[in-house]
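Colleague: Dropping a structure here in structure tokens format, bear with me for questions.
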Amino acid sequence: MSENNIVSLDAWRDFNDAAPQADPFDIEPDPQQIAVFLDVVFGYCEGWAPLRGFVDKGQGIDGRPHNAWIEIDDSLLEKAVSFASWAAREGAAFYVVPGTVAETGRAKAADVLQMQTVLVDLDAGDIVAKLDHLIRHLGEPTLLVESGGRTPDGLDKLHVWWRLSEPAEGEDIALLCRLRGDIAVKVGGDTHFRSAHQPIRLAGSVYHKGGFKRLVNIRRHSPRVEVHLRDFAELVDTMPPLAGVGSEPGPSNDKPSITEILTTPVREGGEDDWTRFQGASAAIGHYVRLAHEGRMSRDEAWEAICQYNAAQLRPSWPLERLASEAQRLWRLHEERHGPALERLSTPPMSALPAFTLGALLDDTSPMPDDIIAPRVLTPGGMLVLGGAPKVGKSDFLISLLVHMAAGVPFLGFAPSQPLRIFYLQAEIQYHYLRERLQAIRIDPALLAVARDNLVATPKVRMLLDAGGVALAVAAVRAHYGHGAPDILCIDPIRNLFDGGPDGGGENDNTAMLFFLQERVEALRDAVAPDAGLILCHHTRKITKKQLAEDPFMALSGAGSLRSFYSSGIIMHRPDEDRPERMLHFELRNGPGIEPMIIDKADGRWVSIDRSSERLVRKALGDKLDAERVRKHDVILGVLLDEALEGRLYTINQFAEAFENRGGLGGKDTIRDRLNVLATKGFVKFVRDGTPYGLGPSRSRFGFLCVEGMAAPAEEEAVDPETGEVLPASVAVLPTHYKSPQTGALLEVENPHVWVYPEGEQS
């Protein structure tokens with residue numbers, strides 16, 4: 001029988017010859033939502049996106065996980081949609097690690113290269129209350145995704161995403177993961193996202209768990225919402241736990257220290273606390289960092305890596321693999337932190353300079369010129385300017401630098417010549433920096449000299465670590481070329497502080513010395529070994545008594561800073577209610593400088609003569625001065641008001657009429673104040689009161705008169721525009737005044753011009 005005569009029994013049994021109908025309950029992936037999700041999660045990133053396909057539980061089918069890596073390029077969307085279609089057909093969930101890796105085949109936490117989102121998975125409890133709490137304290141999210149699952153109360157489980165303004169890399173990834181864990185703890189979310197490689201469902205894919213098919217749906221997308229990682233971290237840290245649900249984050253599981261890694265053997269097969277790969281990567285990275293920072297040569301670093309390999313890895317790695325990993329990590333470190341720091345070579349121990357007493361006594365060569373006289377900043381020296389926040393340190397420092405760049409003295413500080421200055425600052429943003437510089441009052445001709453000498457950065461967001469030093473060196477060389485700056489200024493220490501591999505803070509003497517020697521002096525050595533350093537630093541809160549006894553104990557942080565610098569200036573307010581600041585000086589290379597009181601007048605910092613300052617019972621004296629000024633104002637105001645009512649007074653009449661009124665005191669006190677005001681020219685006299693409805697005065701001086709005094713006139717005035725009848729007044733003009741030298745009564749030359757004795761003002 002030929003094949004053409006065979007009839008299919010299955011086809012014969014199918015009596016329904018209608019066209020196949022589409023399943024109305026079937027759900028397909030949504031390419032548009034997938035595109036939105038990929039843009040939010042990977043839009044700024046580079047590298048490879050790790051994809052995962054797991055068969056959703058509860059379907060009664062099994063399947064092996066499927067992994068894929070897609071490069072972040074123009075084909076990302078097309079390949080992700082294809083993967084989503086495969087997952088939908090196979091009943092698999094489409095997961096993605098929300099970060100990129102450097103190469104395919106790797107997707108562990110240590111492999112994650114970049115991440116640009118912070119997320120929290122709300123999968124239990126009162127989802128609505130949790131979401132409201134997050135938005136109230138952290139702001140509107142960029143993306144709100146319904147994951148497909150539902151709580152026992154029927155609420156959609158949600159993934160809440162905030163997009164960063166730029167991808168997090170390196171140490172920032174650890175911060176980002178900590179934030180994900182802290183948010184989850186505070187609102188009762190999924191804490192697994194403390195790990196960088198924790199995967200999550202991709203929006204626009206299909207959810208199959210428990211036999212229910214739903215679209216992983218984007219509920220809300222706010223494309224303009226982006227957050228800065230450090231600013232967002234502050235919001236997370238200050239966000240309170242959700243009442244009855246969240247709690248404060250507990251201690252994190254710290255990674256083993258580098259000391260533990262370098263001294264602990266590790267065997268293959270993952271039998272120990274960490275694998276051979278983890279141990280080798282950590283050790284190689286440690287020695288790469290030391291070599292990059294100039295703390296050891298590359299040959300010394302390679303020798304140390306080989307020693308670790310031989311002593312701690314069991315069995316050891318082949319040298320080819322060890323060298324390949326070291327080269328990879330070196331390239332990666334240079335990409336992240338810039339070129340390696342080249343430290344000036346130090347002389348061998350035999351060349352250590354040493355001089356006899358006789359040689360020092362016989363050397364009469366001229367002393368090197370001060371960079372800023374008198375010995376405030378010497379060649380190779382370090383000046384630390386300290387002060388409390390908002391006391392005016394940066395404003396004072398900017399004025400000092402501009403004057404030094406112009407080559408002109410400032411408050412007695414004299415530059416040897418117009419100085420070239422590089423100002424690395426991390427507090428004032430660009431527009432406010434230029435506003436301060438434009439407000440400085442200095443001769444335009446001198447300012448022209450300073451224009452190219454002073455180079456300032458707007459607020460930088462970095463640490464002065466090895467990479468930061470390399471960036472600063474590059475910036476200095478870009479502006480000064482083959483020349484060298486005379487001064488390197490760092491403002492403030494706190495915002496740029498790097499405590500070294502142990503991560504110590506400002507209060508740690510070892511960390512402070514590391515920062516000063518391995519960062520600040522490394523920067524100077526790389527660009528100008530003889531340059532002067534100026535560091536701006538904060539002070540801590542101490543009592544006025546402690547400040548008076550030893551002002552420099554107020555410097556914030558470790559005491560090693562004080563032992564390191566060559567000169568110091570402390571700036572503070574002696575009286576919080578007054579604008580004056582006081583400068584205290586400490587010089588290691590020169591004689592002491594007397595404390596100085598300064599203030600800002602008409603845009604200029606000026607020195608105030610200390611001889612006019614009260615030394616005894618200063619607070620009481622200031623109160624008495626204020627009381628005298630108050631009585632002055634009250635007396636003049638009462639005289640003006642009384643004159644408008646048609647009443648003029650002699651000295652005695654006024655003292656008796658206003659005794660114990662307005663806080664003026666007794667009549668003798670009032671009489672004394674009037675005599676003082678007359679001597680100072682604030683009060684003068686009218687001998688004849690006839691023009692004002694009064695007769696001649698029988699008093700020795702006459703009626704009291706003050707500037708601007710007026711009395712009512714008999715006739716009335718009519719407003720020419722409205723016709724309103726207004727009371728008229730006539731000016732009360734002085735005829736005599738009291739001589740400030742002799743106290744004699746003298747005639748006024750021109751009653752229309754009020755003249756004050758020299759040194760007094762109205």
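The way I read the labels, and the way they are meant: chains A, B, ... in the order of the structure tokens, residue 1 as the first residue of every chain, and ligand 1 as the first ligand shown, with later ones counted on from there.
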Extract, using only C-alpha atoms, all DNA, RNA and protein residues at most 12 Å from A:Gly505, discarding same-chain residues fewer than 5 positions from it, and format them as an mmCIF file with all heavy atoms, in the first residue's frame.
Modeller:
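What follows is the written file out08.cif:
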```
data_model
loop_
_atom_site.group_PDB
_atom_site.id
_atom_site.type_symbol
_atom_site.label_atom_id
_atom_site.label_comp_id
_atom_site.auth_asym_id
_atom_site.auth_seq_id
_atom_site.Cartn_x
_atom_site.Cartn_y
_atom_site.Cartn_z
ATOM 1 N N ILE A 493 39.134 69.442 55.677
ATOM 2 C CA ILE A 493 39.681 68.095 55.844
ATOM 3 C C ILE A 493 38.551 67.071 55.918
ATOM 4 O O ILE A 493 38.607 66.009 55.301
ATOM 5 C CB ILE A 493 40.552 68.022 57.125
ATOM 6 C CG1 ILE A 493 41.853 68.808 56.937
ATOM 7 C CG2 ILE A 493 40.853 66.583 57.506
ATOM 8 C CD1 ILE A 493 42.729 68.846 58.177
ATOM 9 N N ARG A 494 37.496 67.412 56.669
ATOM 10 C CA ARG A 494 36.443 66.430 56.975
ATOM 11 C C ARG A 494 35.802 65.866 55.718
ATOM 12 O O ARG A 494 35.537 64.670 55.623
ATOM 13 C CB ARG A 494 35.390 67.081 57.873
ATOM 14 C CG ARG A 494 34.214 66.178 58.224
ATOM 15 C CD ARG A 494 33.324 66.832 59.255
ATOM 16 N NE ARG A 494 34.056 67.071 60.498
ATOM 17 C CZ ARG A 494 33.546 67.749 61.523
ATOM 18 N NH1 ARG A 494 32.329 68.260 61.441
ATOM 19 N NH2 ARG A 494 34.251 67.923 62.615
ATOM 20 N N ASN A 495 35.528 66.704 54.725
ATOM 21 C CA ASN A 495 34.807 66.252 53.541
ATOM 22 C C ASN A 495 35.669 65.432 52.592
ATOM 23 O O ASN A 495 35.143 64.787 51.683
ATOM 24 C CB ASN A 495 34.236 67.462 52.797
ATOM 25 C CG ASN A 495 33.134 68.138 53.573
ATOM 26 O OD1 ASN A 495 32.909 67.835 54.734
ATOM 27 N ND2 ASN A 495 32.442 69.067 52.956
ATOM 28 N N LEU A 496 36.997 65.497 52.744
ATOM 29 C CA LEU A 496 37.904 64.795 51.843
ATOM 30 C C LEU A 496 38.698 63.702 52.548
ATOM 31 O O LEU A 496 39.520 63.045 51.927
ATOM 32 C CB LEU A 496 38.879 65.799 51.205
ATOM 33 C CG LEU A 496 38.235 66.862 50.308
ATOM 34 C CD1 LEU A 496 39.173 68.036 50.105
ATOM 35 C CD2 LEU A 496 37.860 66.266 48.971
ATOM 36 N N PHE A 497 38.445 63.496 53.823
ATOM 37 C CA PHE A 497 39.290 62.635 54.657
ATOM 38 C C PHE A 497 39.236 61.178 54.217
ATOM 39 O O PHE A 497 38.172 60.613 53.991
ATOM 40 C CB PHE A 497 38.858 62.749 56.120
ATOM 41 C CG PHE A 497 39.768 62.037 57.082
ATOM 42 C CD1 PHE A 497 40.947 62.632 57.495
ATOM 43 C CD2 PHE A 497 39.454 60.773 57.557
ATOM 44 C CE1 PHE A 497 41.796 61.983 58.382
ATOM 45 C CE2 PHE A 497 40.297 60.121 58.444
ATOM 46 C CZ PHE A 497 41.474 60.732 58.853
ATOM 47 N N ASP A 498 40.428 60.573 54.095
ATOM 48 C CA ASP A 498 40.560 59.141 53.817
ATOM 49 C C ASP A 498 41.460 58.550 54.884
ATOM 50 O O ASP A 498 42.645 58.895 54.956
ATOM 51 C CB ASP A 498 41.156 58.922 52.424
ATOM 52 C CG ASP A 498 41.487 57.456 52.170
ATOM 53 O OD1 ASP A 498 40.717 56.592 52.643
ATOM 54 O OD2 ASP A 498 42.509 57.169 51.524
ATOM 55 N N GLY A 499 40.904 57.682 55.709
ATOM 56 C CA GLY A 499 41.656 57.128 56.825
ATOM 57 C C GLY A 499 42.477 55.907 56.495
ATOM 58 O O GLY A 499 43.023 55.282 57.403
ATOM 59 N N GLY A 500 42.554 55.525 55.211
ATOM 60 C CA GLY A 500 43.401 54.408 54.839
ATOM 61 C C GLY A 500 42.677 53.083 54.812
ATOM 62 O O GLY A 500 41.455 53.011 54.974
ATOM 63 N N THR A 510 46.241 57.192 64.051
ATOM 64 C CA THR A 510 46.867 56.472 62.940
ATOM 65 C C THR A 510 46.236 56.870 61.615
ATOM 66 O O THR A 510 46.928 57.098 60.617
ATOM 67 C CB THR A 510 46.738 54.952 63.154
ATOM 68 O OG1 THR A 510 47.340 54.599 64.402
ATOM 69 C CG2 THR A 510 47.404 54.192 62.027
ATOM 70 N N ALA A 511 44.899 56.978 61.604
ATOM 71 C CA ALA A 511 44.205 57.364 60.372
ATOM 72 C C ALA A 511 44.554 58.799 59.979
ATOM 73 O O ALA A 511 44.745 59.097 58.789
ATOM 74 C CB ALA A 511 42.698 57.213 60.558
ATOM 75 N N MET A 512 44.644 59.706 60.966
ATOM 76 C CA MET A 512 44.985 61.090 60.655
ATOM 77 C C MET A 512 46.401 61.183 60.084
ATOM 78 O O MET A 512 46.643 61.901 59.102
ATOM 79 C CB MET A 512 44.845 61.955 61.905
ATOM 80 C CG MET A 512 45.219 63.423 61.687
ATOM 81 S SD MET A 512 44.199 64.273 60.430
ATOM 82 C CE MET A 512 42.686 64.526 61.377
ATOM 83 N N LEU A 513 47.352 60.461 60.690
ATOM 84 C CA LEU A 513 48.717 60.470 60.162
ATOM 85 C C LEU A 513 48.770 59.871 58.763
ATOM 86 O O LEU A 513 49.514 60.354 57.897
ATOM 87 C CB LEU A 513 49.647 59.701 61.104
ATOM 88 C CG LEU A 513 50.061 60.427 62.389
ATOM 89 C CD1 LEU A 513 50.859 59.506 63.288
ATOM 90 C CD2 LEU A 513 50.877 61.682 62.060
ATOM 91 N N PHE A 514 47.984 58.822 58.529
ATOM 92 C CA PHE A 514 47.925 58.241 57.191
ATOM 93 C C PHE A 514 47.443 59.284 56.186
ATOM 94 O O PHE A 514 48.016 59.434 55.105
ATOM 95 C CB PHE A 514 46.991 57.027 57.179
ATOM 96 C CG PHE A 514 46.777 56.443 55.802
ATOM 97 C CD1 PHE A 514 47.632 55.477 55.309
ATOM 98 C CD2 PHE A 514 45.726 56.877 55.009
ATOM 99 C CE1 PHE A 514 47.443 54.953 54.034
ATOM 100 C CE2 PHE A 514 45.536 56.364 53.735
ATOM 101 C CZ PHE A 514 46.394 55.386 53.250
ATOM 102 N N PHE A 515 46.390 60.002 56.536
ATOM 103 C CA PHE A 515 45.847 61.011 55.625
ATOM 104 C C PHE A 515 46.875 62.114 55.348
ATOM 105 O O PHE A 515 47.070 62.524 54.200
ATOM 106 C CB PHE A 515 44.572 61.610 56.220
ATOM 107 C CG PHE A 515 43.965 62.701 55.375
ATOM 108 C CD1 PHE A 515 43.342 62.413 54.181
ATOM 109 C CD2 PHE A 515 44.032 64.033 55.781
ATOM 110 C CE1 PHE A 515 42.786 63.421 53.403
ATOM 111 C CE2 PHE A 515 43.488 65.038 55.020
ATOM 112 C CZ PHE A 515 42.866 64.730 53.821
ATOM 113 N N SER A 556 39.193 69.764 65.869
ATOM 114 C CA SER A 556 38.475 68.497 65.849
ATOM 115 C C SER A 556 39.406 67.366 65.448
ATOM 116 O O SER A 556 40.323 67.545 64.650
ATOM 117 C CB SER A 556 37.306 68.586 64.869
ATOM 118 O OG SER A 556 36.605 67.381 64.805
ATOM 119 N N GLY A 557 39.156 66.174 66.010
ATOM 120 C CA GLY A 557 39.879 64.991 65.579
ATOM 121 C C GLY A 557 41.088 64.676 66.426
ATOM 122 O O GLY A 557 41.247 65.135 67.554
ATOM 123 N N ALA A 558 41.975 63.887 65.840
ATOM 124 C CA ALA A 558 43.110 63.335 66.560
ATOM 125 C C ALA A 558 44.139 64.403 66.888
ATOM 126 O O ALA A 558 44.342 65.363 66.146
ATOM 127 C CB ALA A 558 43.750 62.227 65.727
#
```
Colleague: Can you tell me which residues surround stretch 44-48 of chain A at a distance of at most 6 Å, considering only C-alpha atoms, apart from same-chain residues fewer than 6 positions away, and format the answer as a ChimeraX atom specification?
Modeller: /A:69-72,100-102
Colleague: I need the alpha helix (DSSP H) residues of stretch 36-247 of chain A per DSSP on the backbone, written as a PyMOL selection string.
Modeller: chain A and resi 36-42+76-90+127-138+171-187+229-238
Colleague: A:Arg661: which residues within 12 Å, counting only C-alpha atoms, same-chain residues fewer than 5 positions away excluded, as a ChimeraX atom specification?
Modeller: /A:631,634-635,638,654-656,666-667,669-670
Colleague: Give me the residues within 12 Å of A:Gly689 as an MDAnalysis selection string, counting only C-alpha atoms and dropping any in the same chain fewer than 5 places off.
Modeller: chainID A and resid 643 646:650 694:699 702:705 711 732:735
Colleague: With N, CA and C atoms retained, write the just-selected residues as a CSV table (one decimal), in the first residue's frame.
Modeller:
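File result_3.csv, as written:
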```csv
chain,number,residue,atom,x,y,z
A,643,ALA,N,6.9,117.8,71.3
A,643,ALA,CA,6.9,119.0,70.5
A,643,ALA,C,5.8,119.0,69.6
A,646,GLY,N,2.9,120.5,71.0
A,646,GLY,CA,3.0,121.8,71.4
A,646,GLY,C,3.7,122.0,72.8
A,647,ARG,N,4.5,121.1,73.2
A,647,ARG,CA,5.1,121.2,74.5
A,647,ARG,C,6.6,121.1,74.4
A,648,LEU,N,7.3,122.1,74.8
A,648,LEU,CA,8.8,122.2,74.8
A,648,LEU,C,9.2,122.2,76.3
A,649,TYR,N,10.4,121.7,76.6
A,649,TYR,CA,10.9,121.5,78.0
A,649,TYR,C,12.3,122.1,78.1
A,650,THR,N,12.5,122.6,79.3
A,650,THR,CA,13.9,122.8,79.7
A,650,THR,C,14.4,121.6,80.3
A,694,LEU,N,5.3,129.9,73.0
A,694,LEU,CA,5.8,130.0,74.4
A,694,LEU,C,6.7,131.3,74.5
A,695,GLY,N,6.8,131.7,75.7
A,695,GLY,CA,7.6,132.9,76.0
A,695,GLY,C,9.1,132.6,76.0
A,696,PRO,N,9.9,133.6,76.3
A,696,PRO,CA,11.3,133.4,76.5
A,696,PRO,C,11.6,132.5,77.7
A,697,SER,N,12.7,131.7,77.6
A,697,SER,CA,13.0,130.8,78.7
A,697,SER,C,13.9,131.5,79.7
A,698,ARG,N,13.6,131.2,81.0
A,698,ARG,CA,14.4,131.8,82.1
A,698,ARG,C,15.6,130.9,82.4
A,699,SER,N,15.6,129.7,81.8
A,699,SER,CA,16.6,128.7,82.1
A,699,SER,C,17.9,129.2,81.4
A,702,GLY,N,17.8,127.2,77.9
A,702,GLY,CA,16.6,127.4,77.1
A,702,GLY,C,15.9,126.1,77.0
A,703,PHE,N,15.0,126.0,75.9
A,703,PHE,CA,14.2,124.8,75.7
A,703,PHE,C,15.0,123.8,74.9
A,704,LEU,N,14.8,122.5,75.2
A,704,LEU,CA,15.5,121.5,74.5
A,704,LEU,C,15.0,121.3,73.1
A,705,CYS,N,16.0,121.1,72.2
A,705,CYS,CA,15.7,120.9,70.8
A,705,CYS,C,16.5,119.8,70.2
A,711,ALA,N,6.7,121.8,65.8
A,711,ALA,CA,5.7,122.1,66.7
A,711,ALA,C,4.4,122.5,65.9
A,732,VAL,N,11.1,123.4,64.5
A,732,VAL,CA,11.7,124.0,65.7
A,732,VAL,C,13.2,124.0,65.4
A,733,LEU,N,13.8,125.2,65.3
A,733,LEU,CA,15.2,125.3,64.9
A,733,LEU,C,16.0,125.7,66.1
A,734,PRO,N,17.2,125.2,66.4
A,734,PRO,CA,18.0,125.5,67.5
A,734,PRO,C,18.7,126.9,67.3
A,735,THR,N,18.8,127.6,68.4
A,735,THR,CA,19.5,128.9,68.4
A,735,THR,C,20.9,128.8,69.1
```
Colleague: So which residues touch A:Ile487 within 6 Å, counting only C-alpha atoms, skipping near sequence neighbours fewer than 5 positions away, as a ChimeraX atom specification?
Modeller: /A:421,531-533
Colleague: Can you spit out the residues from that selection as a PDB file, in the first residue's frame, using N, CA and C atoms?
Modeller:
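As a result, out.pdb now contains:
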```pdb
ATOM      1  N   ILE A 421      48.243  79.520  43.463  1.00  0.00           N
ATOM      2  CA  ILE A 421      47.515  78.780  44.495  1.00  0.00           C
ATOM      3  C   ILE A 421      46.518  77.841  43.838  1.00  0.00           C
ATOM      4  N   ALA A 531      56.083  73.460  48.106  1.00  0.00           N
ATOM      5  CA  ALA A 531      54.872  74.267  48.237  1.00  0.00           C
ATOM      6  C   ALA A 531      54.400  74.281  49.688  1.00  0.00           C
ATOM      7  N   GLY A 532      53.714  75.341  50.056  1.00  0.00           N
ATOM      8  CA  GLY A 532      53.076  75.403  51.363  1.00  0.00           C
ATOM      9  C   GLY A 532      51.694  74.776  51.308  1.00  0.00           C
ATOM     10  N   LEU A 533      51.279  74.175  52.412  1.00  0.00           N
ATOM     11  CA  LEU A 533      49.956  73.550  52.512  1.00  0.00           C
ATOM     12  C   LEU A 533      49.086  74.366  53.458  1.00  0.00           C
TER      13      LEU A 533
END
```
Colleague: Can you check which residues of stretch 141-185 of chain A DSSP gives as strand (DSSP E) on the backbone and send them as a ChimeraX atom specification?
Modeller: /A:143-150,156-168
Colleague: Of the candidates A:Ala340, A:Leu411, A:Leu235, A:Leu488, which one gets nearest to A:Ala470 if we count only C-alpha atoms?
Modeller: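 Closest to A:Ala470 of all the choices is A:Ala340.
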Colleague: Pick the closest to A:Gly211 from A:Ala68, A:Ala657, A:Pro31, A:Gly148: which is it, counting only C-alpha atoms?
Modeller: A:Gly148
Colleague: List the spatial neighbours of A:Val473 as a ChimeraX atom specification - criterion: any atom at most 7 Å away, only C-alpha atoms, same-chain residues fewer than 3 positions off excluded.
Modeller: /A:469-470,476-477,523,526-527
Colleague: Could you give me, as JSON, numbers by chain, the residues within 9 Å of A:Asp370, counting only C-alpha atoms and dropping anything in the same chain fewer than 3 positions from it?
Modeller: {"A": [367, 373, 374, 375, 376, 377, 378, 379, 414, 415, 416]}
Colleague: Hey, which of A:Arg700, A:His286, A:Arg136, A:Arg295 ends up closest to A:Tyr308? Count only C-alpha atoms.
Modeller: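 Residue with the minimum atom-to-atom distance to A:Tyr308: A:His286.
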Colleague: Which of these, A:Leu134, A:Val408, A:Leu76, A:Val185, has the shortest distance to A:Asp39 once you count only C-alpha atoms?
Modeller: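 Among the listed residues, A:Leu76 lies closest to A:Asp39.
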Colleague: I need the residue nearest A:Val606 from this list: A:Leu119, A:Leu400, A:Ala484, A:Val449. Use only C-alpha atoms for the distance.
Modeller: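 When distances to A:Val606 are compared using only C-alpha atoms, the smallest one comes from A:Leu400.
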Colleague: What is the distance between atom CA of A:Val81 and atom CA of A:Leu155, in Å to one decimal?
Modeller: 27.8 Å
Colleague: Using only C-alpha atoms, which residue out of A:Val128, A:Gly188, A:Leu215, A:Phe277 lies closest to A:Arg321?
Modeller: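 Closest to A:Arg321, using only C-alpha atoms: A:Phe277.
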Colleague: Between atom CA of A:Arg89 and atom CA of A:His66, what is the distance in Å, rounded to a tenth?
Modeller: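 Computed distance, atom CA of A:Arg89 to atom CA of A:His66, equals 13.4 Å.
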